[in-house]
$ cat work37.cif   # mmCIF, C-alpha atoms
data_my_file
#
loop_
_atom_site.label_atom_id
_atom_site.label_comp_id
_atom_site.auth_asym_id
_atom_site.auth_seq_id
_atom_site.Cartn_x
_atom_site.Cartn_y
_atom_site.Cartn_z
CA MET A 152 -33.81 -0.88 1.34
CA THR A 153 -31.74 -0.71 -1.84
CA ALA A 154 -28.16 0.43 -1.32
CA THR A 155 -27.24 3.75 -2.90
CA PRO A 156 -25.13 3.09 -6.00
CA ILE A 157 -21.52 4.19 -5.97
CA PRO A 158 -21.03 6.74 -8.79
CA ILE A 159 -18.88 5.46 -11.65
CA LEU A 160 -16.90 8.32 -13.14
CA ALA A 161 -14.73 8.68 -16.21
CA SER A 162 -12.86 11.64 -14.70
CA ILE A 163 -11.79 12.66 -11.21
CA ALA A 164 -11.91 16.36 -12.12
CA GLY A 165 -15.34 16.85 -10.55
CA LEU A 166 -14.01 15.72 -7.16
CA ALA A 167 -11.04 18.09 -7.18
CA PRO A 168 -12.80 21.29 -5.99
CA GLY A 169 -12.44 21.56 -2.23
CA CYS A 170 -9.53 19.08 -2.18
CA GLU A 171 -6.18 20.28 -0.89
CA ALA A 172 -4.40 16.96 -1.13
CA TRP A 173 -4.56 13.50 -2.64
CA LEU A 174 -3.16 10.37 -1.04
CA VAL A 175 -2.48 8.22 -4.10
CA ASP A 176 -1.65 4.54 -4.04
CA ILE A 177 1.17 3.63 -6.40
CA TRP A 178 0.88 0.06 -7.66
CA GLY A 179 -2.47 -0.37 -9.40
CA VAL A 180 -3.13 3.36 -9.68
CA MET A 181 0.09 4.96 -11.00
CA HIS A 182 1.50 1.82 -12.66
CA ASN A 183 0.91 -1.91 -13.01
CA GLY A 184 4.41 -3.08 -12.17
CA THR A 185 5.62 -2.95 -15.77
CA ARG A 186 4.57 0.48 -17.05
CA ALA A 187 3.21 3.80 -15.83
CA PHE A 188 -0.38 4.81 -16.46
CA GLU A 189 -0.02 8.04 -18.43
CA ALA A 190 -3.55 9.26 -17.66
CA ALA A 191 -2.98 8.85 -13.92
CA CYS A 192 0.31 10.73 -14.08
CA ALA A 193 -1.36 13.51 -16.08
CA ALA A 194 -4.22 13.73 -13.57
CA CYS A 195 -1.77 14.15 -10.70
CA ARG A 196 0.17 16.82 -12.59
CA THR A 197 -3.06 18.71 -13.31
CA PHE A 198 -4.15 18.57 -9.67
CA ARG A 199 -0.74 19.85 -8.59
CA SER A 200 -0.88 22.66 -11.15
CA GLN A 201 -4.08 23.83 -9.47
CA GLY A 202 -2.37 24.02 -6.08
CA GLY A 203 -3.06 20.54 -4.76
CA VAL A 204 -0.55 18.32 -2.98
CA VAL A 205 -0.06 14.78 -4.28
CA LEU A 206 1.43 12.42 -1.72
CA LEU A 207 2.09 8.89 -2.91
CA ILE A 208 1.31 6.30 -0.24
CA SER A 209 2.45 2.78 -0.84
CA ASN A 210 2.81 -0.58 0.85
CA ALA A 211 6.17 -1.01 -0.88
CA PRO A 212 8.49 -2.71 1.64
CA ARG A 213 11.28 -0.23 0.91
CA PRO A 214 11.91 3.38 1.95
CA PHE A 215 10.32 5.88 -0.44
CA SER A 216 13.77 7.14 -1.40
CA ALA A 217 14.42 3.68 -2.88
CA VAL A 218 11.07 3.67 -4.69
CA ILE A 219 11.72 6.87 -6.66
CA PRO A 220 14.21 5.34 -9.13
CA ALA A 221 11.80 2.46 -9.80
CA LEU A 222 8.97 4.91 -10.45
CA SER A 223 11.13 6.84 -12.90
CA ALA A 224 12.16 3.63 -14.67
CA LEU A 225 8.49 2.72 -15.16
CA GLY A 226 7.70 6.18 -16.54
CA VAL A 227 6.16 7.94 -13.53
CA PRO A 228 7.58 11.49 -13.74
CA THR A 229 8.76 13.27 -10.62
CA ASP A 230 6.46 16.21 -11.37
CA ALA A 231 3.44 13.95 -10.83
CA TYR A 232 3.89 14.00 -7.05
CA ASP A 233 5.23 16.10 -4.20
CA ALA A 234 6.50 13.38 -1.88
CA GLY A 235 5.69 9.90 -0.69
CA VAL A 236 5.59 7.54 2.27
CA THR A 237 5.83 3.76 2.23
CA SER A 238 5.23 0.79 4.44
CA GLY A 239 9.02 0.44 4.33
CA ASP A 240 9.41 3.82 6.02
CA VAL A 241 7.12 2.71 8.84
CA THR A 242 8.81 -0.69 9.02
CA ARG A 243 12.19 0.94 9.57
CA SER A 244 10.84 2.74 12.65
CA ILE A 245 9.81 -0.67 14.02
CA ILE A 246 13.07 -2.43 13.08
CA GLU A 247 14.98 0.29 14.93
CA GLN A 248 13.59 -1.13 18.16
CA TRP A 249 15.15 -4.55 17.39
CA GLN A 250 18.71 -3.34 16.84
CA GLY A 251 21.41 -5.67 18.10
CA ARG A 252 19.18 -8.75 18.06
CA PRO A 253 19.13 -11.66 15.58
CA LEU A 254 16.64 -11.11 12.78
CA LEU A 255 15.42 -13.26 9.90
CA HIS A 256 14.56 -11.52 6.64
CA VAL A 257 11.94 -13.23 4.49
CA GLY A 258 11.81 -11.47 1.13
CA PRO A 259 13.85 -10.61 -1.96
CA GLU A 260 17.30 -9.09 -1.93
CA ARG A 261 15.98 -5.81 -3.34
CA ASP A 262 14.35 -5.09 0.04
CA LYS A 263 17.61 -5.15 2.01
CA GLY A 264 17.46 -1.36 2.17
CA LEU A 265 15.06 -1.80 5.07
CA PHE A 266 18.05 -2.55 7.29
CA GLU A 267 20.49 0.06 5.98
CA GLY A 268 22.10 2.04 8.78
CA PHE A 269 20.80 -0.23 11.54
CA ASP A 270 22.80 -2.53 13.81
CA VAL A 271 20.88 -5.72 13.01
CA GLN A 272 22.11 -9.30 12.86
CA ILE A 273 20.67 -11.17 9.87
CA ALA A 274 20.25 -14.67 11.31
CA ALA A 275 19.16 -18.18 10.39
CA PRO A 276 15.57 -19.24 11.19
CA GLU A 277 16.58 -21.33 14.19
CA SER A 278 18.27 -18.41 15.98
CA ALA A 279 16.12 -15.45 14.90
CA GLU A 280 14.20 -13.53 17.55
CA VAL A 281 12.02 -11.68 15.03
CA VAL A 282 11.05 -12.11 11.38
CA VAL A 283 10.85 -9.17 8.98
CA CYS A 284 8.69 -10.26 6.04
CA SER A 285 8.90 -8.00 3.01
CA GLY A 286 7.56 -10.51 0.50
CA LEU A 287 8.20 -13.91 -1.00
CA TYR A 288 11.73 -14.84 -1.94
CA ASP A 289 10.54 -15.43 -5.51
CA ASP A 290 7.01 -14.18 -6.16
CA THR A 291 7.14 -15.32 -9.78
CA LYS A 292 6.68 -18.94 -8.78
CA GLU A 293 6.15 -19.28 -5.01
CA THR A 294 2.91 -19.23 -3.01
CA PRO A 295 2.28 -18.96 0.76
CA ALA A 296 2.04 -22.77 0.91
CA ASP A 297 5.77 -22.96 0.17
CA TYR A 298 6.51 -21.34 3.55
CA ALA A 299 4.65 -23.81 5.78
CA GLY A 300 7.81 -25.63 6.83
CA LEU A 301 9.77 -22.46 7.57
CA PHE A 302 6.92 -20.95 9.55
CA ALA A 303 6.30 -24.11 11.60
CA GLY A 304 9.65 -23.82 13.34
CA LEU A 305 9.27 -20.09 13.95
CA LEU A 306 5.76 -20.51 15.30
CA ALA A 307 6.87 -23.26 17.67
CA ARG A 308 9.31 -20.79 19.25
CA GLY A 309 6.80 -17.92 19.34
CA VAL A 310 8.85 -15.67 17.07
CA PRO A 311 6.95 -12.47 16.16
CA MET A 312 6.75 -11.22 12.57
CA ILE A 313 6.98 -7.66 11.27
CA CYS A 314 5.03 -7.43 8.02
CA ALA A 315 6.60 -4.77 5.80
CA ASN A 316 3.86 -4.92 3.15
CA PRO A 317 0.28 -5.72 4.22
CA ASP A 318 -0.84 -6.16 0.59
CA MET A 319 -2.09 -9.66 -0.15
CA LEU A 320 -1.93 -9.50 -3.95
CA VAL A 321 -0.86 -7.03 -6.61
CA GLU A 322 -1.35 -7.03 -10.35
CA ARG A 323 1.93 -7.16 -12.25
CA GLY A 324 1.57 -6.77 -15.97
CA GLY A 325 -1.85 -8.43 -15.97
CA HIS A 326 -0.88 -11.25 -13.56
CA LEU A 327 -1.62 -11.44 -9.84
CA VAL A 328 1.30 -12.13 -7.51
CA TYR A 329 1.40 -12.73 -3.75
CA CYS A 330 2.80 -10.12 -1.36
CA ALA A 331 4.05 -10.16 2.23
CA GLY A 332 0.52 -9.66 3.54
CA ALA A 333 -0.45 -13.10 2.26
CA LEU A 334 2.41 -14.69 4.21
CA ALA A 335 1.56 -12.67 7.31
CA ALA A 336 -2.07 -13.76 7.10
CA GLU A 337 -0.96 -17.42 7.06
CA TYR A 338 1.38 -16.81 9.98
CA GLU A 339 -1.31 -15.06 12.01
CA ALA A 340 -3.93 -17.71 11.18
CA LYS A 341 -1.63 -20.33 12.73
CA GLY A 342 -1.30 -18.36 15.95
CA GLY A 343 1.69 -16.17 15.17
CA GLN A 344 2.03 -12.58 16.33
CA VAL A 345 2.22 -10.12 13.44
CA ILE A 346 3.10 -6.44 13.66
CA TYR A 347 1.83 -4.69 10.53
CA ALA A 348 3.32 -1.60 8.91
CA GLY A 349 1.56 0.23 6.11
CA LYS A 350 -2.04 0.39 4.91
CA PRO A 351 -4.66 -0.08 6.32
CA HIS A 352 -3.02 0.63 9.68
CA LEU A 353 -3.01 4.14 11.10
CA PRO A 354 0.72 4.90 11.56
CA ILE A 355 1.30 5.36 7.82
CA TYR A 356 -1.72 7.69 7.59
CA ASP A 357 -0.56 9.74 10.57
CA ARG A 358 2.81 10.16 8.86
CA ALA A 359 1.21 10.96 5.50
CA LEU A 360 -1.11 13.63 6.93
CA ALA A 361 1.80 15.22 8.80
CA MET A 362 3.77 15.37 5.54
CA ILE A 363 0.84 17.01 3.75
CA GLU A 364 0.58 19.67 6.44
CA ALA A 365 4.32 20.29 6.18
CA HIS A 366 3.97 20.84 2.43
CA ARG A 367 0.96 23.12 2.85
CA GLY A 368 2.55 24.97 5.74
CA GLN A 369 -0.71 24.86 7.67
CA PRO A 370 -3.24 22.39 9.10
CA VAL A 371 -5.29 20.50 6.53
CA ALA A 372 -8.79 19.29 7.36
CA LYS A 373 -9.40 15.61 6.70
CA ARG A 374 -12.41 16.48 4.55
CA ALA A 375 -9.99 18.22 2.17
CA VAL A 376 -7.92 15.03 1.67
CA LEU A 377 -8.95 12.37 -0.85
CA ALA A 378 -7.46 8.86 -0.74
CA ILE A 379 -7.24 7.14 -4.13
CA GLY A 380 -6.52 3.43 -4.36
CA ASP A 381 -7.36 0.02 -5.80
CA GLY A 382 -7.09 -2.08 -2.65
CA VAL A 383 -10.38 -2.41 -0.78
CA ASN A 384 -8.79 -3.97 2.31
CA THR A 385 -5.77 -1.66 2.34
CA ASP A 386 -6.33 1.67 0.58
CA LEU A 387 -10.04 2.06 1.22
CA LEU A 388 -10.22 0.39 4.63
CA GLY A 389 -7.22 2.43 5.73
CA ALA A 390 -8.77 5.67 4.51
CA HIS A 391 -11.96 4.83 6.39
CA GLY A 392 -10.02 4.16 9.59
CA ALA A 393 -8.18 7.45 9.20
CA GLY A 394 -11.41 9.37 8.65
CA LEU A 395 -10.77 10.15 4.98
CA ARG A 396 -12.92 10.01 1.88
CA SER A 397 -11.79 7.55 -0.77
CA VAL A 398 -12.04 6.85 -4.49
CA PHE A 399 -11.86 3.27 -5.77
CA ILE A 400 -9.75 2.49 -8.83
CA ALA A 401 -10.92 -0.78 -10.41
CA SER A 402 -7.70 -2.66 -11.12
CA GLY A 403 -7.66 -6.40 -11.68
CA VAL A 404 -7.11 -7.08 -7.97
CA HIS A 405 -10.86 -6.85 -7.25
CA VAL A 406 -12.60 -6.30 -10.60
CA THR A 407 -11.99 -8.78 -13.39
CA ASP A 408 -15.07 -8.43 -15.61
CA GLY A 409 -15.35 -4.67 -15.96
CA LEU A 410 -16.43 -1.86 -13.64
CA THR A 411 -20.21 -1.99 -13.21
CA GLU A 412 -22.74 -0.87 -10.64
CA ALA A 413 -23.51 -4.51 -9.84
CA ALA A 414 -19.82 -5.32 -9.32
CA LEU A 415 -19.45 -2.41 -6.90
CA LEU A 416 -22.56 -3.33 -4.95
CA ASP A 417 -21.26 -6.86 -4.55
CA LEU A 418 -17.74 -5.74 -3.62
CA PHE A 419 -18.86 -3.33 -0.91
CA ALA A 420 -21.88 -5.24 0.40
CA GLY A 421 -21.69 -5.61 4.16
CA ARG A 422 -18.68 -3.33 4.55
CA PRO A 423 -18.89 -0.38 6.96
CA PHE A 424 -17.56 1.97 4.29
CA LYS A 425 -17.73 2.70 0.61
CA PRO A 426 -15.90 5.11 -1.69
CA VAL A 427 -17.40 8.40 -2.82
CA ALA A 428 -16.84 7.28 -6.43
CA ALA A 429 -15.18 4.63 -8.58
CA LEU A 430 -13.14 4.90 -11.78
CA ALA A 431 -11.85 2.24 -14.12
CA ALA A 432 -8.55 4.13 -14.01
CA LEU A 433 -7.36 7.42 -12.54
CA ALA A 434 -7.84 10.12 -15.16
CA TRP A 435 -8.59 13.83 -15.33
#

$ encode --input "work37.cif" --output "structure tokens"
Amino acid sequence: MTATPIPILASIAGLAPGCEAWLVDIWGVMHNGTRAFEAACAACRTFRSQGGVVLLISNAPRPFSAVIPALSALGVPTDAYDAGVTSGDVTRSIIEQWQGRPLLHVGPERDKGLFEGFDVQIAAPESAEVVVCSGLYDDTKETPADYAGLFAGLLARGVPMICANPDMLVERGGHLVYCAGALAAEYEAKGGQVIYAGKPHLPIYDRALAMIEAHRGQPVAKRAVLAIGDGVNTDLLGAHGAGLRSVFIASGVHVTDGLTEAALLDLFAGRPFKPVAALAALAW
């Protein structure tokens, strides 16, 4: 039996009727790490003007309050969304349980906000009781292979890892860079215990749906929520697990030779889910 093709749309407008809220991924949908996508921002503003709620949902390993200035700097206007939730927000609720114990942070300095307000002891690898991985120290030149030596000692002591960003790769200005999820996958493959925050895991969706209901002031049926993202194994898998419909945005993470019916069939072959539609970019 031939699989039903996934509709390829130029505009998301036809999917808006009946929607009360959008869960919109940030990196890959709203911007590419160097500039905002004007059409995506305009689409979100239009949806909001018609009464919809736009909640940004991101695997950024920082609290959403720390993401807002970065969004503004890239050109994403504050009137394009109502609120947001990040993997960093969920990570902080996990870190809270480790207060007072030695902790190793693997990731760039810009992610230190994860620990703000908590009684945590930033420790050396040999004394850490838990690792919080928010990314590579320098994702412009490092790969997961560079962490084999560090991880070997931690694994030998059975130190668990909290992954603050389950993304494996993101597209930054046309180039793919590794994220914390790639390090966590290596750690887990070698027998390490990994606690994941963010997409595709349910806690971030539970929080996001609660925030949408708070904005609407009433319960919102899942069928009235549309998840929009470019990550098949994060945005779309997470939406499926949360019981939500999804729309696939074909960034360079999964689609490199153009959005076609054949590319979609290949990408979603054998998966227990597929999006209701696909767009080359979010646009109204």

$ closest_atom_pairs --input "work37.cif" --of "stretch 305-369 of chain A" --to "stretch 218-237 of chain A" --cutoff "9 Å" --atoms "all atoms listed in the file" --output "JSON lines"
{"residue": "A:Asn316", "atom": "CA", "partner": "A:Thr237", "partner_atom": "CA", "distance": 8.9}
{"residue": "A:Ala348", "atom": "CA", "partner": "A:Thr237", "partner_atom": "CA", "distance": 8.9}
{"residue": "A:Gly349", "atom": "CA", "partner": "A:Thr237", "partner_atom": "CA", "distance": 6.8}
{"residue": "A:Lys350", "atom": "CA", "partner": "A:Thr237", "partner_atom": "CA", "distance": 9.0}
{"residue": "A:Ile355", "atom": "CA", "partner": "A:Val236", "partner_atom": "CA", "distance": 7.3}
{"residue": "A:Arg358", "atom": "CA", "partner": "A:Val236", "partner_atom": "CA", "distance": 7.6}
{"residue": "A:Ala359", "atom": "CA", "partner": "A:Val236", "partner_atom": "CA", "distance": 6.4}
{"residue": "A:Met362", "atom": "CA", "partner": "A:Ala234", "partner_atom": "CA", "distance": 8.2}
{"residue": "A:Ile363", "atom": "CA", "partner": "A:Ala234", "partner_atom": "CA", "distance": 8.8}
{"residue": "A:His366", "atom": "CA", "partner": "A:Asp233", "partner_atom": "CA", "distance": 8.2}

$ resolve_selection --input "work37.cif" --expression "the PyMOL selection byres ((chain A and resi 264) around 8)" --output "number ranges by chain"
A: 213-214, 217, 261-263, 265-267

$ residues_around --input "work37.cif" --residues "stretch 199-203 of chain A" --least-positions-apart "4" --cutoff "8 Å" --atoms "only C-alpha atoms" --output "list in words"
Cys170, Glu171, Ala172, Trp173, Cys195, Ala231 and Tyr232 of chain A

$ write_last_selection --input "work37.cif" --atoms "C-alpha atoms" --output "short mmCIF file (atom, residue, chain, number, x, y, z; two decimals), in the coordinates of the input"
data_model
loop_
_atom_site.label_atom_id
_atom_site.label_comp_id
_atom_site.auth_asym_id
_atom_site.auth_seq_id
_atom_site.Cartn_x
_atom_site.Cartn_y
_atom_site.Cartn_z
CA CYS A 170 -9.53 19.08 -2.18
CA GLU A 171 -6.18 20.28 -0.89
CA ALA A 172 -4.40 16.96 -1.13
CA TRP A 173 -4.56 13.50 -2.64
CA CYS A 195 -1.77 14.15 -10.70
CA ALA A 231 3.44 13.95 -10.83
CA TYR A 232 3.89 14.00 -7.05
#

$ closest_residue --input "work37.cif" --among "A:Glu293, A:Arg396, A:Glu280, A:Leu360" --to "A:Leu377" --atoms "only C-alpha atoms"
A:Arg396

$ atom_distance --input "work37.cif" --atom1 "atom CA of A:Gly258" --atom2 "atom CA of A:His405"
24.6 Å

$ atom_distance --input "work37.cif" --atom1 "atom CA of A:Gly324" --atom2 "atom CA of A:Phe399"
19.6 Å

$ resolve_selection --input "work37.cif" --expression "the PyMOL selection byres ((chain A and resi 190-194) around 7)" --output "PyMOL selection string"
chain A and resi 180-181+188-189+195-198+227+231+433-435

$ resolve_selection --input "work37.cif" --expression "the PyMOL selection byres ((chain A and resi 156-166) around 9)" --output "NGL selection string"
:A and (153-155 or 167-170 or 194 or 198 or 377 or 398 or 410-413 or 415-416 or 425-435)

$ atom_distance --input "work37.cif" --atom1 "atom CA of A:Tyr298" --atom2 "atom CA of A:His352"
24.7 Å

$ closest_residue --input "work37.cif" --among "A:Arg252, A:Ala333, A:Ser397, A:Val328" --to "A:Lys292" --atoms "all atoms listed in the file"
A:Val328

$ residues_near_point --input "work37.cif" --point "(-8.8, 0.7, -0.4)" --cutoff "9 Å" --atoms "only C-alpha atoms" --output "PyMOL selection string"
chain A and resi 176+350-351+378-391+397-400+426

$ closest_residue --input "work37.cif" --among "A:Ala331, A:Ala274, A:Val281, A:Leu287" --to "A:Val310" --atoms "only C-alpha atoms"
A:Val281

$ residues_around --input "work37.cif" --residues "A:Gly394" --least-positions-apart "6" --cutoff "10 Å" --atoms "all atoms listed in the file" --output "PyMOL selection string"
chain A and resi 356+373-374+376+388

$ write_last_selection --input "work37.cif" --atoms "C-alpha atoms" --output "compact mmCIF listing (two decimals), in the frame of the given file"
# COMPACT_ATOMS: atom_id res chain seq x y z
CA TYR A 356 -1.72 7.69 7.59
CA LYS A 373 -9.40 15.61 6.70
CA ARG A 374 -12.41 16.48 4.55
CA VAL A 376 -7.92 15.03 1.67
CA LEU A 388 -10.22 0.39 4.63

$ axis_aligned_box --input "work37.cif" --around "stretch 202-213 of chain A" --padding-each-side "5 Å" --output "lines of an AutoDock Vina configuration file"
center_x = 4.1
center_y = 10.7
center_z = -2.2
size_x = 24.3
size_y = 36.7
size_z = 17.7

$ closest_residue --input "work37.cif" --among "A:Arg243, A:Arg422, A:His182, A:His256" --to "A:Gly268" --atoms "all atoms listed in the file"
A:Arg243

$ closest_residue --input "work37.cif" --among "A:Asp297, A:Val271, A:Gly251, A:Asp240" --to "A:Ala211" --atoms "all atoms listed in the file"
A:Asp240

$ closest_residue --input "work37.cif" --among "A:Ala372, A:Ala307, A:Ile208, A:Val404" --to "A:Met319" --atoms "all atoms listed in the file"
A:Val404

$ residues_around --input "work37.cif" --residues "A:Met312" --least-positions-apart "4" --cutoff "10 Å" --atoms "all atoms listed in the file" --output "PDB file with C-alpha atoms, in the coordinates of the input"
ATOM      1  CA  LEU A 254      16.640 -11.110  12.780  1.00  0.00           C
ATOM      2  CA  LEU A 255      15.420 -13.260   9.900  1.00  0.00           C
ATOM      3  CA  HIS A 256      14.560 -11.520   6.640  1.00  0.00           C
ATOM      4  CA  VAL A 257      11.940 -13.230   4.490  1.00  0.00           C
ATOM      5  CA  GLU A 280      14.200 -13.530  17.550  1.00  0.00           C
ATOM      6  CA  VAL A 281      12.020 -11.680  15.030  1.00  0.00           C
ATOM      7  CA  VAL A 282      11.050 -12.110  11.380  1.00  0.00           C
ATOM      8  CA  VAL A 283      10.850  -9.170   8.980  1.00  0.00           C
ATOM      9  CA  CYS A 284       8.690 -10.260   6.040  1.00  0.00           C
ATOM     10  CA  LEU A 305       9.270 -20.090  13.950  1.00  0.00           C
ATOM     11  CA  LEU A 306       5.760 -20.510  15.300  1.00  0.00           C
ATOM     12  CA  ALA A 335       1.560 -12.670   7.310  1.00  0.00           C
ATOM     13  CA  TYR A 338       1.380 -16.810   9.980  1.00  0.00           C
ATOM     14  CA  GLU A 339      -1.310 -15.060  12.010  1.00  0.00           C
ATOM     15  CA  GLY A 343       1.690 -16.170  15.170  1.00  0.00           C
ATOM     16  CA  GLN A 344       2.030 -12.580  16.330  1.00  0.00           C
ATOM     17  CA  VAL A 345       2.220 -10.120  13.440  1.00  0.00           C
ATOM     18  CA  ILE A 346       3.100  -6.440  13.660  1.00  0.00           C
ATOM     19  CA  TYR A 347       1.830  -4.690  10.530  1.00  0.00           C
TER      20      TYR A 347
END
